[in-house]
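Next comes structure38.cif, with mmCIF, C-alpha atoms and all ligand atoms.
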data_model
#
loop_
_atom_site.label_atom_id
_atom_site.label_comp_id
_atom_site.auth_asym_id
_atom_site.auth_seq_id
_atom_site.Cartn_x
_atom_site.Cartn_y
_atom_site.Cartn_z
CA MET A 16 82.15 90.28 145.04
CA GLU A 17 78.78 91.09 143.46
CA GLU A 18 78.55 93.83 140.82
CA LEU A 19 76.24 96.63 141.98
CA ILE A 20 76.41 99.18 139.15
CA ARG A 21 77.58 98.95 135.57
CA ALA A 22 77.67 101.76 133.03
CA ASP A 23 78.11 100.72 129.40
CA ASN A 24 78.96 103.22 126.64
CA LEU A 25 77.41 106.01 128.66
CA THR A 26 77.17 109.30 126.78
CA LYS A 27 75.65 112.65 127.69
CA GLU A 28 75.43 115.61 125.37
CA PHE A 29 73.79 118.89 126.38
CA PRO A 30 72.48 121.10 123.56
CA VAL A 31 73.92 124.62 123.62
CA GLN A 32 71.07 127.12 123.87
CA LYS A 33 71.41 129.77 121.17
CA SER A 34 69.37 132.72 120.08
CA PHE A 35 67.84 132.72 116.59
CA VAL A 36 70.43 135.28 115.43
CA ASP A 37 73.34 133.18 116.74
CA LEU A 38 71.91 130.13 115.00
CA LEU A 39 71.61 132.09 111.77
CA LEU A 40 75.22 133.27 112.02
CA ALA A 41 76.38 129.71 112.73
CA GLY A 42 74.54 128.45 109.63
CA TYR A 43 71.89 126.64 111.75
CA LYS A 44 74.58 124.31 113.06
CA ARG A 45 73.45 123.05 116.46
CA GLN A 46 76.22 122.72 119.01
CA VAL A 47 76.39 120.31 121.93
CA VAL A 48 78.49 120.02 125.07
CA HIS A 49 80.11 116.58 125.07
CA ALA A 50 79.90 116.17 128.86
CA VAL A 51 80.31 112.37 129.00
CA ASP A 52 81.73 110.58 125.97
CA ASN A 53 81.09 106.85 125.71
CA ILE A 54 82.44 105.62 129.04
CA SER A 55 82.13 102.17 130.61
CA PHE A 56 82.90 101.05 134.16
CA ASN A 57 81.46 99.03 137.00
CA ILE A 58 81.32 99.29 140.80
CA MET A 59 81.30 96.20 142.98
CA LYS A 60 79.16 95.96 146.12
CA GLY A 61 81.03 97.43 149.09
CA GLU A 62 83.59 99.13 146.85
CA VAL A 63 84.57 102.81 146.75
CA LEU A 64 85.26 103.94 143.20
CA GLY A 65 86.88 107.35 142.93
CA LEU A 66 86.16 109.54 139.91
CA ALA A 67 88.96 112.08 139.65
CA GLY A 68 89.79 114.91 137.28
CA GLU A 69 89.72 118.66 136.85
CA SER A 70 86.55 120.69 136.90
CA GLY A 71 84.82 120.21 133.52
CA SER A 72 85.97 116.62 133.08
CA GLY A 73 82.43 115.17 133.35
CA LYS A 74 82.67 113.64 136.83
CA SER A 75 79.55 115.22 138.32
CA THR A 76 77.51 114.56 135.17
CA THR A 77 78.52 110.89 135.38
CA GLY A 78 77.35 110.75 139.02
CA ARG A 79 73.99 112.27 138.14
CA LEU A 80 73.57 109.93 135.18
CA LEU A 81 74.07 106.87 137.42
CA LEU A 82 71.12 108.02 139.58
CA ARG A 83 69.13 109.12 136.51
CA LEU A 84 68.87 112.66 137.86
CA ILE A 85 69.61 113.47 134.23
CA GLU A 86 68.89 111.20 131.28
CA PRO A 87 71.74 109.74 129.20
CA THR A 88 71.93 110.54 125.50
CA SER A 89 72.88 106.92 124.92
CA GLY A 90 74.28 103.93 126.80
CA THR A 91 72.95 101.74 129.57
CA ILE A 92 73.11 101.74 133.37
CA LEU A 93 72.65 98.40 135.07
CA TYR A 94 71.80 98.24 138.78
CA LYS A 95 72.13 94.67 140.06
CA GLY A 96 71.87 93.52 136.45
CA ARG A 97 68.68 95.48 135.62
CA ASP A 98 68.78 98.28 133.07
CA ILE A 99 67.47 101.31 134.98
CA THR A 100 67.45 103.54 131.87
CA SER A 101 64.18 101.79 130.96
CA PHE A 102 62.65 102.07 134.47
CA SER A 103 59.31 103.88 134.80
CA THR A 104 59.01 106.96 137.05
CA ARG A 105 57.41 104.77 139.73
CA GLU A 106 60.20 102.18 139.57
CA MET A 107 62.80 104.97 139.82
CA GLU A 108 61.02 106.46 142.86
CA ARG A 109 61.25 103.09 144.61
CA LEU A 110 64.91 102.68 143.62
CA ARG A 111 65.79 106.15 144.98
CA GLU A 112 65.34 104.79 148.51
CA ARG A 113 68.41 102.66 147.81
CA ILE A 114 70.56 105.08 145.78
CA GLN A 115 71.31 108.56 147.07
CA ILE A 116 73.55 111.55 146.39
CA VAL A 117 75.51 113.91 148.63
CA PHE A 118 76.06 117.26 146.92
CA GLN A 119 79.15 119.43 147.13
CA ASP A 120 77.74 122.45 148.91
CA PRO A 121 75.70 121.57 152.01
CA ASN A 122 74.49 125.15 152.38
CA SER A 123 72.83 125.28 148.98
CA SER A 124 71.40 121.76 149.29
CA LEU A 125 69.71 122.48 152.66
CA ASN A 126 66.47 124.45 152.78
CA PRO A 127 67.11 127.42 155.13
CA ARG A 128 63.48 127.21 156.36
CA MET A 129 63.72 123.54 157.29
CA SER A 130 65.09 122.52 160.69
CA VAL A 131 67.83 119.90 160.90
CA GLY A 132 65.33 117.26 162.05
CA ALA A 133 62.84 118.09 159.29
CA ALA A 134 65.58 118.05 156.62
CA ILE A 135 66.82 114.60 157.64
CA ALA A 136 63.25 113.25 157.95
CA HIS A 137 62.19 114.61 154.54
CA PRO A 138 63.17 111.50 152.49
CA LEU A 139 61.20 109.34 154.97
CA GLN A 140 58.12 111.42 154.23
CA ILE A 141 58.69 111.26 150.47
CA HIS A 142 59.01 107.47 150.59
CA LYS A 143 56.23 107.12 153.23
CA ILE A 144 58.43 105.27 155.72
CA GLY A 145 57.07 105.18 159.31
CA ASN A 146 54.72 107.54 161.15
CA SER A 147 55.91 110.89 162.54
CA ARG A 148 56.89 109.42 165.94
CA GLU A 149 58.87 106.61 164.30
CA GLN A 150 60.48 109.06 161.88
CA LYS A 151 61.66 111.26 164.74
CA GLY A 152 63.15 108.24 166.51
CA MET A 153 64.99 107.20 163.33
CA VAL A 154 66.31 110.72 162.77
CA LEU A 155 67.58 111.13 166.36
CA SER A 156 69.27 107.74 166.27
CA LEU A 157 70.99 108.53 162.95
CA MET A 158 72.05 111.97 164.18
CA GLU A 159 73.93 110.26 167.01
CA LYS A 160 75.65 107.95 164.51
CA VAL A 161 76.88 110.81 162.30
CA GLY A 162 78.09 112.84 165.28
CA LEU A 163 75.29 115.44 165.37
CA THR A 164 75.17 115.60 169.13
CA PRO A 165 73.43 116.44 171.40
CA ALA A 166 70.83 115.22 168.89
CA ASP A 167 67.80 116.53 170.83
CA PHE A 168 69.31 120.03 170.87
CA LEU A 169 70.44 120.13 167.21
CA TYR A 170 67.18 118.57 165.93
CA LYS A 171 65.38 121.90 166.21
CA LYS A 172 68.20 124.08 164.83
CA TYR A 173 68.16 125.68 161.37
CA PRO A 174 71.02 125.59 158.83
CA HIS A 175 72.23 129.12 159.72
CA GLN A 176 72.52 128.07 163.39
CA ILE A 177 74.96 125.20 162.82
CA SER A 178 78.59 125.03 161.62
CA GLY A 179 79.77 124.01 158.14
CA GLY A 180 80.97 120.65 159.44
CA GLN A 181 77.59 120.02 161.08
CA SER A 182 75.81 120.98 157.83
CA GLN A 183 77.84 118.36 155.96
CA ARG A 184 76.84 115.77 158.59
CA VAL A 185 73.18 116.74 158.13
CA VAL A 186 73.51 116.18 154.38
CA LEU A 187 75.12 112.78 155.00
CA ALA A 188 72.37 111.83 157.48
CA ARG A 189 69.68 112.89 154.99
CA ALA A 190 71.26 110.62 152.36
CA LEU A 191 71.46 107.70 154.82
CA ILE A 192 68.03 107.90 156.43
CA THR A 193 66.33 105.61 153.88
CA ASN A 194 69.04 102.98 154.41
CA PRO A 195 70.56 103.16 150.90
CA GLU A 196 73.18 100.80 149.58
CA PHE A 197 74.77 103.12 146.99
CA ILE A 198 75.81 106.74 147.47
CA VAL A 199 77.22 109.17 144.94
CA ALA A 200 79.35 111.58 146.97
CA ASP A 201 80.00 114.60 144.74
CA GLU A 202 83.02 116.46 146.13
CA PRO A 203 81.58 116.10 149.66
CA ILE A 204 84.46 117.89 151.36
CA ALA A 205 85.29 120.53 148.72
CA MET A 206 83.44 123.30 150.59
CA ALA A 207 84.52 122.24 154.10
CA ASP A 208 87.27 123.91 156.13
CA VAL A 209 90.59 122.06 156.08
CA SER A 210 90.14 121.18 159.77
CA VAL A 211 86.78 119.50 159.04
CA ARG A 212 87.77 117.59 155.89
CA ALA A 213 89.64 114.78 157.62
CA LEU A 214 86.77 114.32 160.09
CA ILE A 215 84.18 114.04 157.29
CA LEU A 216 86.33 111.55 155.37
CA GLU A 217 86.82 109.52 158.56
CA LEU A 218 83.05 109.61 159.14
CA MET A 219 82.34 108.47 155.58
CA LYS A 220 84.71 105.53 156.08
CA LYS A 221 83.01 104.59 159.37
CA LEU A 222 79.51 104.88 157.87
CA LYS A 223 80.54 102.75 154.91
CA SER A 224 81.36 99.77 157.10
CA GLU A 225 78.44 100.40 159.51
CA PHE A 226 75.80 100.70 156.75
CA ASN A 227 77.48 98.34 154.25
CA LEU A 228 77.64 101.12 151.67
CA THR A 229 79.06 101.38 148.17
CA TYR A 230 80.33 104.81 147.11
CA LEU A 231 81.08 106.65 143.91
CA PHE A 232 83.42 109.28 145.31
CA ILE A 233 83.84 112.28 143.00
CA THR A 234 86.86 114.47 143.62
CA HIS A 235 89.34 116.78 141.90
CA ASP A 236 91.90 115.91 144.57
CA LEU A 237 93.76 112.61 144.25
CA ALA A 238 95.04 112.87 147.83
CA THR A 239 91.52 112.42 149.24
CA ALA A 240 90.80 109.68 146.70
CA LYS A 241 93.86 107.85 147.99
CA TYR A 242 92.47 107.93 151.50
CA LEU A 243 88.99 106.59 150.74
CA CYS A 244 88.94 104.73 147.41
CA ASP A 245 89.61 101.13 146.46
CA ARG A 246 89.81 101.92 142.74
CA ILE A 247 90.16 105.20 140.88
CA ALA A 248 89.00 106.25 137.40
CA VAL A 249 90.61 109.41 136.01
CA MET A 250 88.42 111.47 133.66
CA TYR A 251 89.45 114.06 131.09
CA LEU A 252 86.96 115.96 128.90
CA GLY A 253 84.23 113.36 129.28
CA ARG A 254 86.40 110.28 128.82
CA ILE A 255 88.00 107.85 131.26
CA VAL A 256 91.71 107.96 130.50
CA GLU A 257 92.99 105.65 133.23
CA MET A 258 91.43 103.26 135.75
CA GLY A 259 92.95 100.89 138.27
CA SER A 260 93.31 100.02 141.91
CA ARG A 261 94.35 102.89 144.16
CA ASP A 262 97.78 101.38 144.85
CA GLU A 263 98.43 100.56 141.20
CA LEU A 264 97.43 104.06 140.10
CA PHE A 265 99.62 105.78 142.67
CA LEU A 266 102.62 103.46 142.30
CA HIS A 267 102.51 102.87 138.54
CA PRO A 268 100.55 105.66 136.81
CA HIS A 269 100.58 105.30 133.02
CA HIS A 270 98.61 108.09 131.44
CA PRO A 271 100.42 111.47 131.18
CA TYR A 272 97.29 113.21 132.57
CA THR A 273 97.22 110.98 135.65
CA LYS A 274 100.92 111.63 136.16
CA ALA A 275 100.31 115.37 135.95
CA LEU A 276 97.44 115.17 138.47
CA LEU A 277 99.68 113.21 140.83
CA GLU A 278 102.30 115.93 140.51
CA ALA A 279 99.71 118.37 141.86
CA VAL A 280 99.28 116.33 145.07
CA PRO A 281 101.20 118.18 147.83
CA ILE A 282 104.25 116.36 149.23
CA PRO A 283 104.62 116.83 153.01
CA ASP A 284 108.43 116.48 152.80
CA PRO A 285 110.06 119.63 151.24
CA ARG A 286 113.33 117.70 150.57
CA GLN A 287 111.52 115.32 148.20
CA ARG A 288 111.88 116.36 144.54
CA ARG A 289 108.99 116.24 142.08
CA ARG A 290 109.06 114.56 138.71
CA GLU A 291 108.83 116.88 135.72
CA GLU A 292 105.32 115.94 134.53
CA VAL A 293 103.35 119.17 134.48
CA VAL A 294 100.07 119.80 132.73
CA ARG A 295 100.04 122.96 130.57
CA GLY A 296 97.15 125.39 130.22
CA GLU A 297 93.47 124.90 130.96
CA ILE A 298 91.05 122.14 130.10
CA PRO A 299 89.59 122.93 126.61
CA SER A 300 85.89 123.51 125.91
CA ALA A 301 83.70 120.42 125.81
CA ILE A 302 81.72 122.01 122.94
CA GLU A 303 84.51 121.43 120.45
CA PRO A 304 86.99 119.14 122.17
CA PRO A 305 90.35 118.60 120.43
CA PRO A 306 90.22 115.71 117.92
CA GLY A 307 92.06 112.43 118.50
CA CYS A 308 93.30 112.23 122.06
CA HIS A 309 91.54 115.13 123.80
CA PHE A 310 94.62 115.65 125.95
CA HIS A 311 97.08 116.24 123.06
CA PRO A 312 97.25 120.08 123.23
CA ARG A 313 98.44 119.84 126.84
CA CYS A 314 100.49 116.66 126.69
CA SER A 315 104.29 116.93 126.72
CA HIS A 316 104.54 113.42 125.15
CA ALA A 317 102.16 114.06 122.22
CA ILE A 318 103.15 112.81 118.77
CA SER A 319 101.40 113.69 115.49
CA LYS A 320 99.20 110.55 115.60
CA CYS A 321 97.67 111.83 118.87
CA LYS A 322 95.91 114.63 116.93
CA SER A 323 93.82 112.23 114.85
CA HIS A 324 93.64 108.92 116.72
CA ARG A 325 91.42 108.30 119.75
CA PRO A 326 93.34 105.86 121.94
CA PRO A 327 91.06 103.13 123.34
CA LEU A 328 90.96 102.43 127.07
CA ARG A 329 92.71 99.09 127.29
CA GLU A 330 94.21 96.81 129.90
CA ILE A 331 97.94 97.32 130.30
CA THR A 332 98.35 95.10 133.37
CA PRO A 333 95.55 93.04 135.02
CA ARG A 334 92.67 95.40 135.99
CA HIS A 335 94.76 98.50 135.16
CA LEU A 336 93.49 100.34 132.07
CA SER A 337 94.93 103.33 130.24
CA ALA A 338 94.04 105.26 127.07
CA CYS A 339 97.31 106.47 125.58
CA ILE A 340 98.91 105.72 122.22
CA LEU A 341 102.25 105.26 123.97
CA ASP A 342 100.94 102.42 126.18
CA GLY A 343 102.17 99.08 124.96
FE1 LIG A 401 99.66 112.26 125.26
FE2 LIG A 401 99.28 111.13 122.88
FE3 LIG A 401 99.08 109.66 125.08
FE4 LIG A 401 97.22 111.46 124.48
S1 LIG A 401 97.71 109.62 123.31
S2 LIG A 401 98.14 111.12 126.46
S3 LIG A 401 98.46 113.09 123.58
S4 LIG A 401 100.92 110.70 124.30
#

Could you write out this structure as structure tokens?
Amino acid sequence: MEELIRADNLTKEFPVQKSFVDLLLAGYKRQVVHAVDNISFNIMKGEVLGLAGESGSGKSTTGRLLLRLIEPTSGTILYKGRDITSFSTREMERLRERIQIVFQDPNSSLNPRMSVGAAIAHPLQIHKIGNSREQKGMVLSLMEKVGLTPADFLYKKYPHQISGGQSQRVVLARALITNPEFIVADEPIAMADVSVRALILELMKKLKSEFNLTYLFITHDLATAKYLCDRIAVMYLGRIVEMGSRDELFLHPHHPYTKALLEAVPIPDPRQRRREEVVRGEIPSAIEPPPGCHFHPRCSHAISKCKSHRPPLREITPRHLSACILDG
């Protein structure tokens, strides 16, 4: 399988905005949010890589970095072997036809004054693909494929006139209209009703094989990652703490944080007992993350070395990586 995307030592720090008085009180010490902390991974063509973790773990920032919607502080992003961090604005514009993003909340990512048809056709206009008659034909055909039917009727509707599930389909269609090969799906079902979630996931699976897509699927819910992903990377406070195939991760989780996340996945059988791995408290601030292993204040297995030593992400079995002092 061909490698589509590779991130090497990717880091993103956001400066904390402070007033002059706050800066004075802090002794002019500038603070930064360590959103993504030196992570490396790749995605093969046709693969679905899940990025899982709690809110604040750096998943969405990673997705935006891959598309250069925000600039990395350091590190490289290779797309088909070419370093896109050095691409010019014009080169990035051309590339954006092929790499797209689906945001979490369809309502806030759709312009309320733009009809469904106009919203889906918008990327075609930006990239100057086809004339208006051809664009309408492409939009109607794609609307059929994503289940926005009857397409002729829904084409003229506005976001407030369609359901939440239909809005999510519009957002998917808008991402697909330029025939991309890579899509970052940032919690695409988080805002959908429970009844709609399974349908959207099913649709994403169908579209993947129909359009030969590669996904980065961002989620806080390992149960949905299990349904859609080939491989899963678990993030905690900006770092990848475990990465492996879906089956390996679910059957043989290594990292205490992954085990705790798996404990949070609902079990449909009430007679089945849970293991005792529970994560304590809330994710700490990314402004001053705990030293050593970031997870140590919440980890029930922590030893004193965990407070000072950053465990590297290393292979524990073929293609299964974990970052815990207790591994090996
Ligand atoms: Fe827990 Fe220590 Fe492993 Fe971190 S390195 S996950 S604190 S045991």

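Across A:Lys221, A:His269, A:Arg246, A:Lys33, the tightest approach to ligand LIG 401 (chain A) is made by A:His269 when counting all atoms listed in the file.
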
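In this comparison, which uses all atoms listed in the file, the residue of A:Leu84, A:Ala50, A:Leu266, A:Val256 approaching ligand LIG 401 (chain A) most closely is A:Val256.
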
With the cut-off set at 10 Å and counting all atoms listed in the file, tabulate each residue of chain A with an atom at most that distance from an atom of ligand LIG 401 (chain A), showing the nearest atom pair and its distance in Å to one decimal, ordered by chain and increasing number, as a Markdown table.
| residue | atom | partner | partner_atom | distance |
| --- | --- | --- | --- | --- |
| A:Val256 | CA | A:LIG401 | S2 | 8.2 |
| A:His269 | CA | A:LIG401 | S2 | 9.1 |
| A:His270 | CA | A:LIG401 | S2 | 5.8 |
| A:Pro271 | CA | A:LIG401 | S2 | 5.3 |
| A:Tyr272 | CA | A:LIG401 | S2 | 6.5 |
| A:Thr273 | CA | A:LIG401 | S2 | 9.2 |
| A:Gly307 | CA | A:LIG401 | S1 | 7.9 |
| A:Cys308 | CA | A:LIG401 | FE4 | 4.7 |
| A:His309 | CA | A:LIG401 | FE4 | 6.8 |
| A:Phe310 | CA | A:LIG401 | FE4 | 5.1 |
| A:His311 | CA | A:LIG401 | S3 | 3.5 |
| A:Pro312 | CA | A:LIG401 | S3 | 7.1 |
| A:Arg313 | CA | A:LIG401 | S3 | 7.5 |
| A:Cys314 | CA | A:LIG401 | FE1 | 4.7 |
| A:Ser315 | CA | A:LIG401 | FE1 | 6.7 |
| A:His316 | CA | A:LIG401 | S4 | 4.6 |
| A:Ala317 | CA | A:LIG401 | S3 | 4.1 |
| A:Ile318 | CA | A:LIG401 | FE2 | 5.9 |
| A:Ser319 | CA | A:LIG401 | FE2 | 8.1 |
| A:Lys320 | CA | A:LIG401 | FE2 | 7.3 |
| A:Cys321 | CA | A:LIG401 | FE2 | 4.4 |
| A:Lys322 | CA | A:LIG401 | S3 | 7.3 |
| A:Ser323 | CA | A:LIG401 | S1 | 9.7 |
| A:His324 | CA | A:LIG401 | S1 | 7.8 |
| A:Arg325 | CA | A:LIG401 | S1 | 7.3 |
| A:Pro326 | CA | A:LIG401 | S1 | 5.9 |
| A:Pro327 | CA | A:LIG401 | S1 | 9.3 |
| A:Ser337 | CA | A:LIG401 | FE3 | 9.2 |
| A:Ala338 | CA | A:LIG401 | S1 | 6.8 |
| A:Cys339 | CA | A:LIG401 | FE3 | 3.7 |
| A:Ile340 | CA | A:LIG401 | S1 | 4.2 |
| A:Leu341 | CA | A:LIG401 | FE3 | 5.5 |
| A:Asp342 | CA | A:LIG401 | FE3 | 7.6 |

Shell around Lys95 in chain A at 7 Å using all atoms listed in the file, local window under 6 positions removed, as an MDAnalysis selection string: chainID A and resid 18:20

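Proximity of A:Ala188, A:Ile298, A:Val161, A:Ala166 to Leu125 in chain A, computed with all atoms listed in the file, is greatest for A:Ala188.
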
Atom-to-atom span, CA of Leu157 in chain A and CA of Ile192 in chain A, Å: 7.2 Å
